[in-house]
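*Asks:* Below is a structure I'd like to ask you about.
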Amino acid sequence: MQTNKYVLLAAMFYCLFLAACHSSSSNQPGPQPPQHTAPRIQKTDEAAEPAPPHPSLIKAATEKALEYTQKKNKLDPNAALVLHFLNRKFNMGSQYDFSHFYKKYPISDPRGRALERMVNPNVKATAADFGSRYKGTSLVDHLSNTSYMMNCALMCDKIPLPDDYFTLLEQQTQLGRYFLTHAALSLQWLKENGCITDQARADKLQNLQKELLTKLIVEVEQPSDLGMEAVAVLLYIGGRDKLSPQRITNIINTQLPDGGWPLGRNSAKQSHDHATVHALWALLEYANPNAPATTWIVKN
C-alpha cells in the first residue's frame, strides 16, 4: 500500500485525481477496469467540419495565455514542466523555462526524481525510485501504476524496461481519461528515447490511443482540463487528422479574461495553471504543424 505522501505526490504531478472529480460533474464515468473489446473506429471526432479558426485568433489567445504564465510567481510544477517543453519546441523565450519558476527542482521524494529528467539531462535515478507495479484495481493502484509507467518511460534508455511494461501501457490506455492521456505520453517518450523493441505492437497501441483520445475529446465536458489535455496529447502524438478544427475554436472561445482556462464547469470562472498550459500546448501544436520535432527528454 502506498503512503499518503506518495498518493499526494502522484495527484499533484499527474492531476489524475481529477479523473474522479470530473466523473461526478459530467456524464463521463470514473476510472474503469481495462476493457478488451475493440473500440468503434472513427476517422475524426465526428463534429461537423467548420472552417479552422483564423490564425489571428489563435495568436491572440496564445499571447494572452503566455501573459498569464508570467503573472505567476510560482506556476504549478507540472504546468511548469510542460511549459519548459513548449519553450524548447516553439522557442518562446527564456522566461518560460522551468528555471524561471523554480531555481531548484521542487520535489525531494525519490519517486519524483525521474520527472526531473524533463528539465535536467544529468538527473540520476534508479529503478527503485520508480515506485512499484500494482496488480489491484483501486484508484490508488491505478495512480501508482501511472507514476511507475511514466518514470520507466522517461528513463528507459538508461534503465531497461520491465518485461510486462507494454502490458501495463495497454491496460492504462484502456482505463481512459487521464490514465489514457498519460499512457499516450509514455508511449511517445518510449519512441523518443529509442526504447521500442516491438514496432508493430507499438504502432497498433498508438493508433488505438489516437482513436480513444478522439472519442474522449467528443465526450468530455467543455471547457475542461481533461478535454484540453486530450487535444494537446492527440496533436503531440500525430493525430491532427482526427481532430475537428471546432475543438480549437472551443478552446479559444472558453479562454477567461485573465488569459487562463478553468479546470471544468464547477470552476468555470477561475483559471488553473494546469488547464491553461495544456490549452496553450494545444493551440501551439495546432498553429505550428511544421515545428521541428522536439523530444521531451533532454539528452546530454
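Going by the C-alpha cells order, chains are called A, B, ..., each with residues numbered from 1, while ligands are numbered from 1 in the order shown.
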For the interface of range 232-252 of chain A with range 176-186 of chain A (cut-off 12 Å, counting only C-alpha atoms), please tabulate each contacting residue of range 232-252 of chain A alongside its nearest pair of atoms and their separation in Å to one decimal, rows sorted by chain and increasing number, as a Markdown table.
*Replies:*
| residue | atom | partner | partner_atom | distance |
| --- | --- | --- | --- | --- |
| A:Ala232 | CA | A:Thr181 | CA | 9.3 |
| A:Val233 | CA | A:Thr181 | CA | 6.5 |
| A:Leu234 | CA | A:Ala184 | CA | 8.4 |
| A:Leu235 | CA | A:Ala184 | CA | 11.1 |
| A:Tyr236 | CA | A:Leu185 | CA | 8.6 |
| A:Ile237 | CA | A:Ala184 | CA | 7.6 |
| A:Gly238 | CA | A:Ala184 | CA | 11.0 |
| A:Gly239 | CA | A:Ala184 | CA | 11.3 |
*Asks:* Write the selection just made, keeping C-alpha atoms, as a PDB file, in the first residue's frame?
*Replies:*
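Generated file (result.pdb):
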ATOM      1  CA  ALA A 232      -2.841  18.566 -26.807  1.00  0.00           C
ATOM      2  CA  VAL A 233      -1.719  14.953 -26.458  1.00  0.00           C
ATOM      3  CA  LEU A 234      -3.574  13.874 -29.609  1.00  0.00           C
ATOM      4  CA  LEU A 235      -1.780  16.568 -31.608  1.00  0.00           C
ATOM      5  CA  TYR A 236       1.546  15.740 -29.954  1.00  0.00           C
ATOM      6  CA  ILE A 237       1.394  12.062 -30.959  1.00  0.00           C
ATOM      7  CA  GLY A 238       0.446  12.827 -34.562  1.00  0.00           C
ATOM      8  CA  GLY A 239      -3.357  12.689 -34.538  1.00  0.00           C
TER       9      GLY A 239
END
*Asks:* Which polymer residues have any atom within 7 Å of an atom of range 108-113 of chain A, counting only C-alpha atoms, with same-chain residues fewer than 2 positions away left out, as number ranges by chain?
*Replies:* A: 106, 115-116, 125, 129-131
*Asks:* Would you mind reading off the distance between CA of Ala153 in chain A and CA of Leu190 in chain A, one decimal, in Å?
*Replies:* 5.4 Å
*Asks:* Determine the nearest neighbour of Leu175 in chain A from the options A:Asn78, A:Thr137, A:Ser271, A:Ser147, counting only C-alpha atoms.
*Replies:*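 Closest to Leu175 in chain A of all the choices is A:Thr137.
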*Asks:* In Å, rounded to a single decimal, give me how far CA of Asp273 in chain A is from CA of Ala79 in chain A.
*Replies:* 6.1 Å
*Asks:* Taking 5 positions as the minimum chain separation for residues in the same chain, which residues sit within 12 Å of range 68-74 of chain A when counting only C-alpha atoms? Answer as a compact mmCIF listing (two decimals) with C-alpha atoms, in the first residue's frame.
*Replies:*
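Result file follows (result_19.txt):
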# COMPACT_ATOMS: atom_id res chain seq x y z
CA ALA A 61 -5.30 33.51 -27.41
CA THR A 62 -1.74 32.20 -27.28
CA GLU A 63 -0.32 35.60 -26.35
CA ALA A 79 2.44 23.01 -15.67
CA ALA A 80 5.97 24.42 -15.49
CA VAL A 82 5.04 21.23 -19.78
CA LEU A 83 5.78 24.91 -20.41
CA HIS A 84 9.51 24.15 -20.42
CA GLY A 93 11.91 32.81 -24.64
CA SER A 94 13.92 32.03 -21.51
CA GLN A 95 11.17 33.41 -19.27
CA TYR A 96 9.23 30.22 -19.99
CA ASP A 97 12.00 27.88 -18.85
CA PHE A 98 11.38 25.77 -15.78
CA SER A 99 14.23 27.59 -14.03
CA HIS A 100 12.31 30.87 -14.31
CA PHE A 101 9.73 29.49 -11.88
CA TYR A 102 11.90 27.10 -9.84
CA LYS A 103 15.57 27.63 -9.15
CA PRO A 106 10.79 21.22 -6.03
CA GLN A 255 -10.48 31.46 -22.52
CA LEU A 256 -11.05 33.61 -19.45
CA PRO A 257 -10.31 37.36 -19.32
CA ASP A 258 -7.04 36.80 -17.42
CA GLY A 259 -5.73 34.60 -20.25
CA GLY A 260 -6.23 31.29 -18.46
CA TRP A 261 -8.66 28.40 -18.64
CA SER A 271 -8.22 29.92 -14.19
CA HIS A 272 -5.97 27.00 -13.34
CA ASP A 273 -2.30 26.62 -14.27
CA HIS A 274 -2.56 23.03 -15.47
CA ALA A 275 -5.59 23.65 -17.67
CA THR A 276 -4.07 26.85 -19.05
CA VAL A 277 -0.74 25.35 -20.05
CA HIS A 278 -2.44 22.39 -21.73
CA LEU A 280 -1.66 26.68 -24.68
*Asks:* Skip Tyr286 in chain A itself and residues of its chain fewer than 4 positions away, then list as a list in words all residues within 10 Å of it, counting only C-alpha atoms.
*Replies:*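 So the residues in contact are Pro55, Ile58, Val231, Ala232, Leu235, Tyr236, Arg240, Leu243, Pro245, Ile248, Leu280, Trp281, Ala282 and Asn290 of chain A.
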*Asks:* Kindly export the residues of the current selection with N, CA and C atoms, as a tab-separated table (two decimals), in the first residue's frame.
*Replies:*
chain	number	residue	atom	x	y	z
A	55	PRO	N	-5.88	32.28	-38.01
A	55	PRO	CA	-4.60	32.31	-37.28
A	55	PRO	C	-4.49	33.47	-36.31
A	58	ILE	N	-5.95	32.43	-32.98
A	58	ILE	CA	-5.06	31.53	-32.25
A	58	ILE	C	-3.90	32.32	-31.65
A	231	VAL	N	-6.74	17.01	-26.27
A	231	VAL	CA	-6.45	17.64	-27.56
A	231	VAL	C	-4.95	17.82	-27.74
A	232	ALA	N	-4.28	18.33	-26.72
A	232	ALA	CA	-2.84	18.57	-26.81
A	232	ALA	C	-2.08	17.27	-27.05
A	235	LEU	N	-2.60	15.86	-30.63
A	235	LEU	CA	-1.78	16.57	-31.61
A	235	LEU	C	-0.31	16.20	-31.46
A	236	TYR	N	0.14	16.06	-30.23
A	236	TYR	CA	1.55	15.74	-29.95
A	236	TYR	C	1.95	14.38	-30.53
A	240	ARG	N	-3.42	14.82	-35.68
A	240	ARG	CA	-4.06	16.05	-36.17
A	240	ARG	C	-5.21	15.75	-37.13
A	243	LEU	N	-8.71	15.40	-35.59
A	243	LEU	CA	-9.24	16.48	-34.75
A	243	LEU	C	-10.04	17.47	-35.58
A	245	PRO	N	-11.42	21.08	-36.36
A	245	PRO	CA	-11.00	22.45	-36.01
A	245	PRO	C	-11.90	23.10	-34.98
A	248	ILE	N	-10.47	23.42	-31.50
A	248	ILE	CA	-9.56	24.54	-31.26
A	248	ILE	C	-10.36	25.83	-31.07
A	280	LEU	N	-2.73	26.03	-23.93
A	280	LEU	CA	-1.66	26.68	-24.68
A	280	LEU	C	-0.93	25.67	-25.55
A	281	TRP	N	-0.65	24.50	-25.00
A	281	TRP	CA	0.02	23.44	-25.75
A	281	TRP	C	-0.80	23.06	-26.99
A	282	ALA	N	-2.11	22.88	-26.80
A	282	ALA	CA	-2.98	22.52	-27.92
A	282	ALA	C	-2.95	23.60	-29.01
A	290	ASN	N	4.37	22.37	-38.59
A	290	ASN	CA	5.69	22.10	-39.17
A	290	ASN	C	6.83	22.45	-38.21
*Asks:* For CA of Lys59 in chain A and CA of Gly227 in chain A, determine how far apart the two atoms are, in Å to one decimal place.
*Replies:*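 Atom-to-atom, CA of Lys59 in chain A and CA of Gly227 in chain A are spaced 20.4 Å apart.
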*Asks:* Quick one: pick out all helix (DSSP H, G or I) residues within range 166-296 of chain A from a backbone DSSP run and write them as a PyMOL selection string.
*Replies:* chain A and resi 166-175+177-192+199-219+225-236+240-242+245-253+265-267+273-287
